[in-house]
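Structure file start-v6.txt (compact mmCIF, C-alpha atoms (C1' of nucleotides)) is printed below.
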# COMPACT_ATOMS: atom_id res chain seq x y z
CA MET R 168 364.66 -213.53 192.92
CA GLN R 169 362.00 -213.96 190.26
CA THR R 170 363.17 -212.03 187.22
CA ALA R 171 360.74 -209.16 186.96
CA THR R 172 358.89 -209.28 183.68
CA ASN R 173 357.82 -206.35 181.58
CA LEU R 174 354.40 -204.78 181.42
CA THR R 175 353.50 -201.65 179.59
CA VAL R 176 351.16 -198.94 180.65
CA LYS R 177 349.99 -196.14 178.40
CA LEU R 178 350.06 -192.73 179.99
CA ASN R 179 349.79 -189.25 178.58
CA VAL R 180 352.82 -187.05 178.55
CA ASP R 181 351.90 -184.93 181.54
CA GLU R 182 351.31 -187.89 183.82
CA ARG R 183 354.69 -189.19 182.85
CA HIS R 184 356.32 -185.91 183.63
CA ARG R 185 354.43 -185.44 186.89
CA LEU R 186 355.87 -188.78 187.87
CA LYS R 187 359.31 -187.54 187.02
CA VAL R 188 358.81 -184.43 189.10
CA LEU R 189 357.62 -186.37 192.12
CA ALA R 190 360.38 -188.82 191.46
CA ASP R 191 363.18 -186.39 191.85
CA ALA R 192 361.42 -184.57 194.64
CA LYS R 193 361.56 -187.91 196.38
CA LYS R 194 365.03 -188.75 195.14
CA ARG R 195 363.80 -191.91 193.54
CA THR R 196 363.32 -193.06 190.01
CA PRO R 197 359.99 -192.76 188.14
CA HIS R 198 360.05 -196.46 187.43
CA PHE R 199 360.28 -197.13 191.12
CA LEU R 200 357.29 -194.93 191.77
CA MET R 201 355.19 -196.77 189.25
CA LYS R 202 356.01 -200.04 190.89
CA GLU R 203 355.14 -198.63 194.28
CA ALA R 204 351.95 -197.19 192.91
CA ILE R 205 350.81 -200.51 191.53
CA GLN R 206 351.86 -202.47 194.58
CA ARG R 207 349.98 -200.19 196.93
CA TYR R 208 346.97 -200.32 194.69
CA ILE R 209 347.02 -204.09 194.56
CA ALA R 210 347.25 -204.30 198.33
CA ASP R 211 344.38 -201.92 198.86
CA GLU R 212 342.07 -203.39 196.32
CA GLU R 213 342.82 -206.88 197.49
CA ALA R 214 341.76 -205.89 200.99
CA GLU R 215 338.61 -204.36 199.63
CA GLN R 216 337.80 -207.49 197.67
CA MET R 217 338.29 -209.51 200.81
CA ALA R 218 335.86 -207.35 202.75
CA VAL R 219 333.29 -207.68 200.03
CA LYS R 220 333.79 -211.42 199.84
CA ILE R 221 333.33 -211.77 203.58
CA ALA R 222 330.17 -209.72 203.53
CA ILE R 223 328.77 -211.81 200.72
CA ALA R 224 329.76 -215.07 202.33
CA SER R 225 328.13 -213.89 205.50
CA VAL R 226 324.84 -213.22 203.76
CA GLU R 227 325.12 -216.58 202.04
CA HIS R 228 325.59 -218.26 205.35
CA TYR R 229 322.53 -216.56 206.71
CA LYS R 230 320.47 -217.62 203.73
CA GLN R 231 321.49 -221.22 204.21
CA THR R 232 321.19 -221.48 207.96
CA GLY R 233 318.74 -218.76 208.88
CA LEU R 234 321.10 -217.94 211.72
CA HIS R 235 321.28 -214.30 212.50
CA VAL R 236 321.11 -211.62 215.11
CA SER R 237 318.77 -208.76 214.47
CA LEU R 238 319.63 -205.09 214.45
CA ASP R 239 317.26 -204.58 217.38
CA GLU R 240 319.12 -207.15 219.37
CA VAL R 241 322.36 -205.39 218.69
CA ARG R 242 320.86 -202.07 219.69
CA THR R 243 319.51 -203.53 222.90
CA TRP R 244 322.90 -204.96 223.66
CA ALA R 245 324.60 -201.67 222.86
CA LYS R 246 322.40 -199.89 225.37
CA ALA R 247 322.91 -202.57 228.00
CA VAL R 248 326.65 -202.30 227.61
CA LYS R 249 326.55 -198.67 228.60
CA VAL R 250 325.30 -199.61 232.05
CA ASP R 251 326.80 -203.02 232.41
CA ARG R 252 330.10 -203.33 230.68
CA SER R 253 329.85 -207.12 230.64
CA ALA R 254 326.35 -207.46 229.25
CA LYS R 255 326.06 -210.68 227.25
CA ILE R 256 326.46 -210.26 223.53
CA PRO R 257 323.39 -211.47 221.61
CA SER R 258 323.86 -214.91 220.11
CA CYS R 259 322.71 -216.19 216.76
CA HIS R 260 319.38 -217.91 216.36
CA VAL R 261 316.96 -218.72 213.57
CA MET W 1389 342.78 -187.42 174.37
CA GLN W 1390 346.45 -186.70 173.91
CA THR W 1391 348.51 -189.51 172.43
CA ALA W 1392 349.08 -191.84 175.31
CA THR W 1393 352.65 -193.01 175.07
CA ASN W 1394 353.96 -196.32 176.30
CA LEU W 1395 356.00 -196.75 179.40
CA THR W 1396 357.32 -199.93 180.81
CA VAL W 1397 357.01 -201.10 184.33
CA LYS W 1398 358.68 -204.25 185.63
CA LEU W 1399 356.71 -206.43 187.97
CA ASN W 1400 357.24 -209.93 189.23
CA VAL W 1401 354.97 -212.69 188.08
CA ASP W 1402 352.74 -212.80 191.13
CA GLU W 1403 352.06 -209.08 191.14
CA ARG W 1404 351.08 -209.36 187.55
CA HIS W 1405 348.76 -212.20 188.27
CA ARG W 1406 347.24 -210.53 191.32
CA LEU W 1407 346.43 -207.64 189.05
CA LYS W 1408 344.74 -209.99 186.65
CA VAL W 1409 342.69 -211.53 189.42
CA LEU W 1410 341.55 -208.18 190.75
CA ALA W 1411 341.00 -207.10 187.20
CA ASP W 1412 338.46 -209.73 186.36
CA ALA W 1413 336.92 -209.54 189.82
CA LYS W 1414 336.27 -205.92 188.92
CA LYS W 1415 335.34 -206.66 185.33
CA ARG W 1416 338.06 -204.39 184.11
CA THR W 1417 341.35 -204.89 182.39
CA PRO W 1418 344.71 -205.11 184.17
CA HIS W 1419 345.98 -202.25 182.09
CA PHE W 1420 343.16 -200.09 183.31
CA LEU W 1421 344.01 -200.91 186.89
CA MET W 1422 347.63 -199.95 186.41
CA LYS W 1423 346.60 -196.62 185.00
CA GLU W 1424 344.27 -196.04 187.90
CA ALA W 1425 346.94 -197.08 190.31
CA ILE W 1426 349.45 -194.65 188.92
CA GLN W 1427 347.00 -191.80 188.59
CA ARG W 1428 345.82 -192.17 192.17
CA TYR W 1429 349.38 -192.37 193.34
CA ILE W 1430 350.36 -189.26 191.48
CA ALA W 1431 347.39 -187.37 192.88
CA ASP W 1432 348.12 -188.45 196.42
CA GLU W 1433 351.80 -187.78 196.37
CA GLU W 1434 351.29 -184.47 194.70
CA ALA W 1435 348.92 -183.44 197.47
CA GLU W 1436 351.43 -184.55 200.03
CA GLN W 1437 354.16 -182.52 198.38
CA MET W 1438 351.84 -179.53 198.40
CA ALA W 1439 351.08 -179.88 202.08
CA VAL W 1440 354.74 -180.08 202.90
CA LYS W 1441 355.50 -177.08 200.74
CA ILE W 1442 352.79 -175.02 202.38
CA ALA W 1443 353.96 -175.91 205.85
CA ILE W 1444 357.51 -174.96 204.98
CA ALA W 1445 356.47 -171.73 203.31
CA SER W 1446 354.39 -170.90 206.32
CA VAL W 1447 357.29 -171.33 208.69
CA GLU W 1448 359.46 -169.32 206.34
CA HIS W 1449 356.93 -166.54 206.36
CA TYR W 1450 356.88 -166.51 210.14
CA LYS W 1451 360.63 -166.40 210.30
CA GLN W 1452 360.71 -163.40 208.03
CA THR W 1453 357.85 -161.41 209.44
CA GLY W 1454 357.55 -162.58 213.00
CA LEU W 1455 353.83 -162.60 212.39
CA HIS W 1456 352.02 -165.35 214.16
CA VAL W 1457 349.15 -166.31 216.34
CA SER W 1458 349.93 -168.41 219.36
CA LEU W 1459 348.42 -171.73 220.25
CA ASP W 1460 346.95 -170.18 223.40
CA GLU W 1461 345.21 -167.56 221.37
CA VAL W 1462 343.69 -170.22 219.19
CA ARG W 1463 342.58 -172.17 222.23
CA THR W 1464 340.99 -169.11 223.76
CA TRP W 1465 339.18 -168.42 220.55
CA ALA W 1466 338.06 -172.02 220.26
CA LYS W 1467 336.47 -171.81 223.69
CA ALA W 1468 334.86 -168.48 222.94
CA VAL W 1469 333.32 -169.85 219.80
CA LYS W 1470 331.46 -172.48 221.74
CA VAL W 1471 329.46 -169.78 223.50
CA ASP W 1472 329.50 -167.11 220.89
CA ARG W 1473 329.46 -168.49 217.43
CA SER W 1474 330.78 -165.22 215.98
CA ALA W 1475 333.69 -164.66 218.34
CA LYS W 1476 336.45 -162.79 216.52
CA ILE W 1477 339.22 -164.94 215.20
CA PRO W 1478 342.64 -164.00 216.60
CA SER W 1479 344.70 -161.91 214.22
CA CYS W 1480 348.39 -162.12 213.51
CA HIS W 1481 350.84 -159.98 215.42
CA VAL W 1482 354.55 -159.97 216.11
C1' DC D 1039 384.80 -208.41 181.28
C1' DC D 1040 380.35 -210.78 181.80
C1' DA D 1041 376.05 -211.58 184.01
C1' DG D 1042 372.02 -209.83 186.22
C1' DT D 1043 368.98 -206.06 187.68
C1' DT D 1044 366.94 -201.62 187.15
C1' DG D 1045 365.27 -197.96 184.37
C1' DG D 1046 363.21 -196.79 179.88
C1' DA D 1047 361.94 -196.46 174.87
C1' DT D 1048 359.80 -198.62 170.65
C1' DG D 1049 357.35 -201.24 167.41
C1' DA D 1050 354.07 -204.39 166.48
C1' DC D 1051 349.89 -207.11 167.31
C1' DC D 1052 344.91 -207.78 168.87
C1' DG G 1446 342.72 -199.41 174.49
C1' DG G 1447 345.39 -203.52 176.02
C1' DT G 1448 349.53 -206.68 175.68
C1' DC G 1449 354.03 -208.59 174.36
C1' DA G 1450 358.78 -208.85 172.85
C1' DT G 1451 362.93 -206.53 172.11
C1' DC G 1452 366.48 -203.71 172.54
C1' DC G 1453 369.19 -200.11 174.90
C1' DA G 1454 371.94 -197.55 178.77
C1' DA G 1455 373.67 -197.69 183.31
C1' DC G 1456 374.99 -199.72 187.30
C1' DT G 1457 376.53 -203.74 190.31
C1' DG G 1458 378.88 -207.80 191.81
C1' DG G 1459 381.93 -211.59 190.47
Before we go any further, please render this structure as C-alpha cells.
Amino acid sequence: MQTATNLTVKLNVDERHRLKVLADAKKRTPHFLMKEAIQRYIADEEAEQMAVKIAIASVEHYKQTGLHVSLDEVRTWAKAVKVDRSAKIPSCHV
Amino acid sequence: MQTATNLTVKLNVDERHRLKVLADAKKRTPHFLMKEAIQRYIADEEAEQMAVKIAIASVEHYKQTGLHVSLDEVRTWAKAVKVDRSAKIPSCHV
DNA sequence: CCAGTTGGATGACC
DNA sequence: GGTCATCCAACTGG
C-alpha cells in the first residue's frame, strides 16, 4: 500500500460539522467521507474531461480530413430506420 | 466569510496527482476542487438523508393514522387526468 | 511493545 | 486562498 500522504482543505465550521452529522448518520468517520467525496469527484470530472477531449479530437479530425456525416444524413437515416430496421448507417465522406 | 479552518484529508499519491491534472485542465487549483468535491458531496448526501427521513416519517404517519390513498386510486386519478385536466385528486381516508 | 494506518488538529509559509 | 510538515490519539497486527 502506498502510504497515504496528507493534504489540507480549508472548510468553514458548519461544513465540517455537517460532515460529522452525515458521518455518524452513516456510521462512518468524517475523514472517510471526505476521501469518498474527493474520489467520487475525481472520477466524475475525469469522465467529463474525457468526453470533452473526445469531442475536441473529433472536431480536430474533421478539420484535418474533411470527413464527416451531415446532420441531414443522420436525420434521413433516423427516419429510414423507423421503417427498415436495418437501413444502412450513413458513412463518412468529404 | 467565516474563518475557514484547516482539516486534513489523506490521499494516496495518484489521487493527489489526478486532482492536480484535473485542476490545471480546469484552470483552477487542487484545493478548490477538493472544496467543491466535499461541498457537493455534503449537499447530495444531505438530500439523500432527507428523502429517507421523509419516507420513514410518511410510513410512520400512516401507521399511526391509517390515513392513506391506495395505488389504485392514484392510477384511476392518473387516467382521469388525461381526459379531464382538473380531475379531483384522491383524498386520504382510512 | 512497536510499527503502520486511520482520523484529526495546528502552525507556518507562499 | 492554497500547500506542507508535524505532531497527536486510537486502533490493529506482529
Residues within 10 Å of W:Phe1420, all atoms listed in the file, excluding chain neighbours under 4 positions, as a compact mmCIF listing (two decimals) with C-alpha atoms (C1' of nucleotides), in the coordinates of the input:
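Below is the file selection.txt, written as the result:
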# COMPACT_ATOMS: atom_id res chain seq x y z
CA VAL R 176 351.16 -198.94 180.65
CA LYS R 177 349.99 -196.14 178.40
CA ALA W 1411 341.00 -207.10 187.20
CA ARG W 1416 338.06 -204.39 184.11
CA GLU W 1424 344.27 -196.04 187.90
CA ALA W 1425 346.94 -197.08 190.31
C1' DG G 1446 342.72 -199.41 174.49
C1' DG G 1447 345.39 -203.52 176.02
Worksheet item: What does the distance from atom CA of W:Ala1475 to atom CA of W:Ile1442 come to in Å, to one decimal?
Response: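 According to the coordinates, atom CA of W:Ala1475 and atom CA of W:Ile1442 are separated by 27.0 Å.
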Practice prompt. Select residues of chain R: the criterion is any atom within 12 Å of an atom of chain G, counting all atoms listed in the file; output as a list in words.
Written response: Thr172, Asn173, Leu174, Thr175, Val176, Lys177 and Leu178 of chain R
Given identical sequences, can you show me chain W least-squares superposed on chain R via all its Cα atoms in order, as a compact mmCIF listing (two decimals) with C-alpha atoms, in the coordinates of the input?
# COMPACT_ATOMS: atom_id res chain seq x y z
CA MET W 1389 363.95 -211.61 194.83
CA GLN W 1390 362.18 -213.45 192.06
CA THR W 1391 363.04 -212.36 188.54
CA ALA W 1392 361.05 -209.22 188.05
CA THR W 1393 359.67 -209.34 184.55
CA ASN W 1394 358.89 -206.36 182.40
CA LEU W 1395 355.43 -205.12 181.70
CA THR W 1396 354.46 -202.16 179.67
CA VAL W 1397 352.11 -199.45 180.67
CA LYS W 1398 351.04 -196.66 178.32
CA LEU W 1399 350.79 -193.19 179.74
CA ASN W 1400 350.44 -189.81 178.13
CA VAL W 1401 353.32 -187.40 178.22
CA ASP W 1402 352.08 -185.26 181.08
CA GLU W 1403 351.42 -188.19 183.39
CA ARG W 1404 354.90 -189.36 182.71
CA HIS W 1405 356.32 -185.99 183.50
CA ARG W 1406 354.22 -185.55 186.63
CA LEU W 1407 355.69 -188.81 187.80
CA LYS W 1408 359.16 -187.48 187.16
CA VAL W 1409 358.43 -184.33 189.10
CA LEU W 1410 357.06 -186.20 192.09
CA ALA W 1411 359.91 -188.61 191.72
CA ASP W 1412 362.64 -186.09 192.21
CA ALA W 1413 360.63 -184.20 194.81
CA LYS W 1414 360.72 -187.48 196.70
CA LYS W 1415 364.29 -188.28 195.78
CA ARG W 1416 363.22 -191.51 194.22
CA THR W 1417 362.99 -192.81 190.71
CA PRO W 1418 359.84 -192.73 188.57
CA HIS W 1419 360.07 -196.45 188.13
CA PHE W 1420 359.99 -196.91 191.86
CA LEU W 1421 356.89 -194.79 192.11
CA MET W 1422 355.10 -196.83 189.49
CA LYS W 1423 355.87 -199.99 191.36
CA GLU W 1424 354.62 -198.48 194.57
CA ALA W 1425 351.55 -197.23 192.83
CA ILE W 1426 350.68 -200.61 191.46
CA GLN W 1427 351.47 -202.48 194.64
CA ARG W 1428 349.32 -200.17 196.73
CA TYR W 1429 346.55 -200.45 194.22
CA ILE W 1430 346.68 -204.20 194.21
CA ALA W 1431 346.62 -204.30 198.00
CA ASP W 1432 343.68 -201.95 198.21
CA GLU W 1433 341.59 -203.56 195.56
CA GLU W 1434 342.30 -206.97 196.91
CA ALA W 1435 341.05 -205.89 200.32
CA GLU W 1436 337.96 -204.46 198.73
CA GLN W 1437 337.29 -207.69 196.89
CA MET W 1438 337.70 -209.55 200.16
CA ALA W 1439 335.24 -207.32 201.97
CA VAL W 1440 332.69 -207.79 199.24
CA LYS W 1441 333.21 -211.53 199.25
CA ILE W 1442 332.77 -211.74 203.00
CA ALA W 1443 329.61 -209.70 202.92
CA ILE W 1444 328.17 -211.89 200.20
CA ALA W 1445 329.19 -215.09 201.94
CA SER W 1446 327.64 -213.81 205.11
CA VAL W 1447 324.32 -213.15 203.46
CA GLU W 1448 324.51 -216.54 201.80
CA HIS W 1449 325.08 -218.16 205.14
CA TYR W 1450 322.06 -216.40 206.59
CA LYS W 1451 319.92 -217.47 203.70
CA GLN W 1452 320.89 -221.07 204.21
CA THR W 1453 320.73 -221.28 207.96
CA GLY W 1454 318.35 -218.55 208.96
CA LEU W 1455 320.81 -217.79 211.71
CA HIS W 1456 321.09 -214.15 212.52
CA VAL W 1457 321.12 -211.52 215.17
CA SER W 1458 318.85 -208.57 214.67
CA LEU W 1459 319.83 -204.95 214.64
CA ASP W 1460 317.66 -204.37 217.72
CA GLU W 1461 319.50 -207.03 219.59
CA VAL W 1462 322.78 -205.39 218.75
CA ARG W 1463 321.46 -202.03 219.85
CA THR W 1464 320.24 -203.44 223.13
CA TRP W 1465 323.59 -205.01 223.72
CA ALA W 1466 325.39 -201.81 222.81
CA LYS W 1467 323.42 -199.94 225.45
CA ALA W 1468 323.98 -202.64 228.03
CA VAL W 1469 327.69 -202.53 227.46
CA LYS W 1470 327.82 -198.90 228.43
CA VAL W 1471 326.74 -199.78 231.95
CA ASP W 1472 328.09 -203.25 232.21
CA ARG W 1473 331.27 -203.70 230.32
CA SER W 1474 330.85 -207.49 230.27
CA ALA W 1475 327.26 -207.67 229.07
CA LYS W 1476 326.75 -210.86 227.07
CA ILE W 1477 326.93 -210.44 223.35
CA PRO W 1478 323.74 -211.53 221.57
CA SER W 1479 323.99 -214.97 220.03
CA CYS W 1480 322.66 -216.15 216.71
CA HIS W 1481 319.25 -217.74 216.46
CA VAL W 1482 316.73 -218.46 213.75
Fill in: Within 10 Å of chain D: residues of chain R, using all atoms listed in the file, as a list of chain:residue names
R:Thr170, R:Ala171, R:Thr196, R:Pro197, R:His198, R:Phe199
Limited to C-alpha atoms, could you put the picked residues into a file as a PDB file, in the coordinates of the input?
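Output (selection.pdb):
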ATOM      1  CA  THR R 170     363.170-212.030 187.220  1.00  0.00           C
ATOM      2  CA  ALA R 171     360.740-209.160 186.960  1.00  0.00           C
ATOM      3  CA  THR R 196     363.320-193.060 190.010  1.00  0.00           C
ATOM      4  CA  PRO R 197     359.990-192.760 188.140  1.00  0.00           C
ATOM      5  CA  HIS R 198     360.050-196.460 187.430  1.00  0.00           C
ATOM      6  CA  PHE R 199     360.280-197.130 191.120  1.00  0.00           C
TER       7      PHE R 199
END
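Residues having any atom no farther than 12 Å from (349.0, -187.0, 195.6) (counting all atoms listed in the file) are Arg185, Leu186, Leu189 and Ala204 of chain R; Ala1425, Ile1426, Gln1427, Arg1428, Tyr1429, Ile1430, Ala1431, Asp1432, Glu1433, Glu1434, Ala1435, Glu1436, Gln1437, Met1438, Ala1439 and Val1440 of chain W.
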So that I have them on file, write out the residues from the current selection with C-alpha atoms, as a PDB file, keeping the file's coordinate frame.
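Listing of selection-v9.pdb after writing:
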ATOM      1  CA  ARG R 185     354.430-185.440 186.890  1.00  0.00           C
ATOM      2  CA  LEU R 186     355.870-188.780 187.870  1.00  0.00           C
ATOM      3  CA  LEU R 189     357.620-186.370 192.120  1.00  0.00           C
ATOM      4  CA  ALA R 204     351.950-197.190 192.910  1.00  0.00           C
TER       5      ALA R 204
ATOM      6  CA  ALA W1425     346.940-197.080 190.310  1.00  0.00           C
ATOM      7  CA  ILE W1426     349.450-194.650 188.920  1.00  0.00           C
ATOM      8  CA  GLN W1427     347.000-191.800 188.590  1.00  0.00           C
ATOM      9  CA  ARG W1428     345.820-192.170 192.170  1.00  0.00           C
ATOM     10  CA  TYR W1429     349.380-192.370 193.340  1.00  0.00           C
ATOM     11  CA  ILE W1430     350.360-189.260 191.480  1.00  0.00           C
ATOM     12  CA  ALA W1431     347.390-187.370 192.880  1.00  0.00           C
ATOM     13  CA  ASP W1432     348.120-188.450 196.420  1.00  0.00           C
ATOM     14  CA  GLU W1433     351.800-187.780 196.370  1.00  0.00           C
ATOM     15  CA  GLU W1434     351.290-184.470 194.700  1.00  0.00           C
ATOM     16  CA  ALA W1435     348.920-183.440 197.470  1.00  0.00           C
ATOM     17  CA  GLU W1436     351.430-184.550 200.030  1.00  0.00           C
ATOM     18  CA  GLN W1437     354.160-182.520 198.380  1.00  0.00           C
ATOM     19  CA  MET W1438     351.840-179.530 198.400  1.00  0.00           C
ATOM     20  CA  ALA W1439     351.080-179.880 202.080  1.00  0.00           C
ATOM     21  CA  VAL W1440     354.740-180.080 202.900  1.00  0.00           C
TER      22      VAL W1440
END
Worksheet item: In Å, how far is it from atom CA of R:Val180 to atom CA of W:Met1389?
Response: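 Atom CA of W:Met1389 lies at a distance of 10.9 Å from atom CA of R:Val180.
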Discussion item. I'd like the interatomic distance between atom CA of R:Val188 and atom CA of W:Lys1423, to a tenth of an Å.
Written reply: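 Separation between atom CA of R:Val188 and atom CA of W:Lys1423: 17.7 Å.
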Worksheet item: Looking at W:Ala1445, W:Ala1413, W:Ile1477, W:Val1469, which one is nearest to chain R, with distances taken over all atoms listed in the file?
Response: W:Ala1413
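Using all atoms listed in the file, the shortest contact distance between chain R and any of W:Glu1403, W:Glu1448, W:Asp1460, W:Asp1412 is found at W:Glu1403.
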Practice prompt. Tell me, as number ranges by chain, which residues lie within 10 Å of W:Val1462, counting all atoms listed in the file; anything in the same chain fewer than 5 positions away does not count.
Written response: W: 1457, 1467-1468, 1477-1479
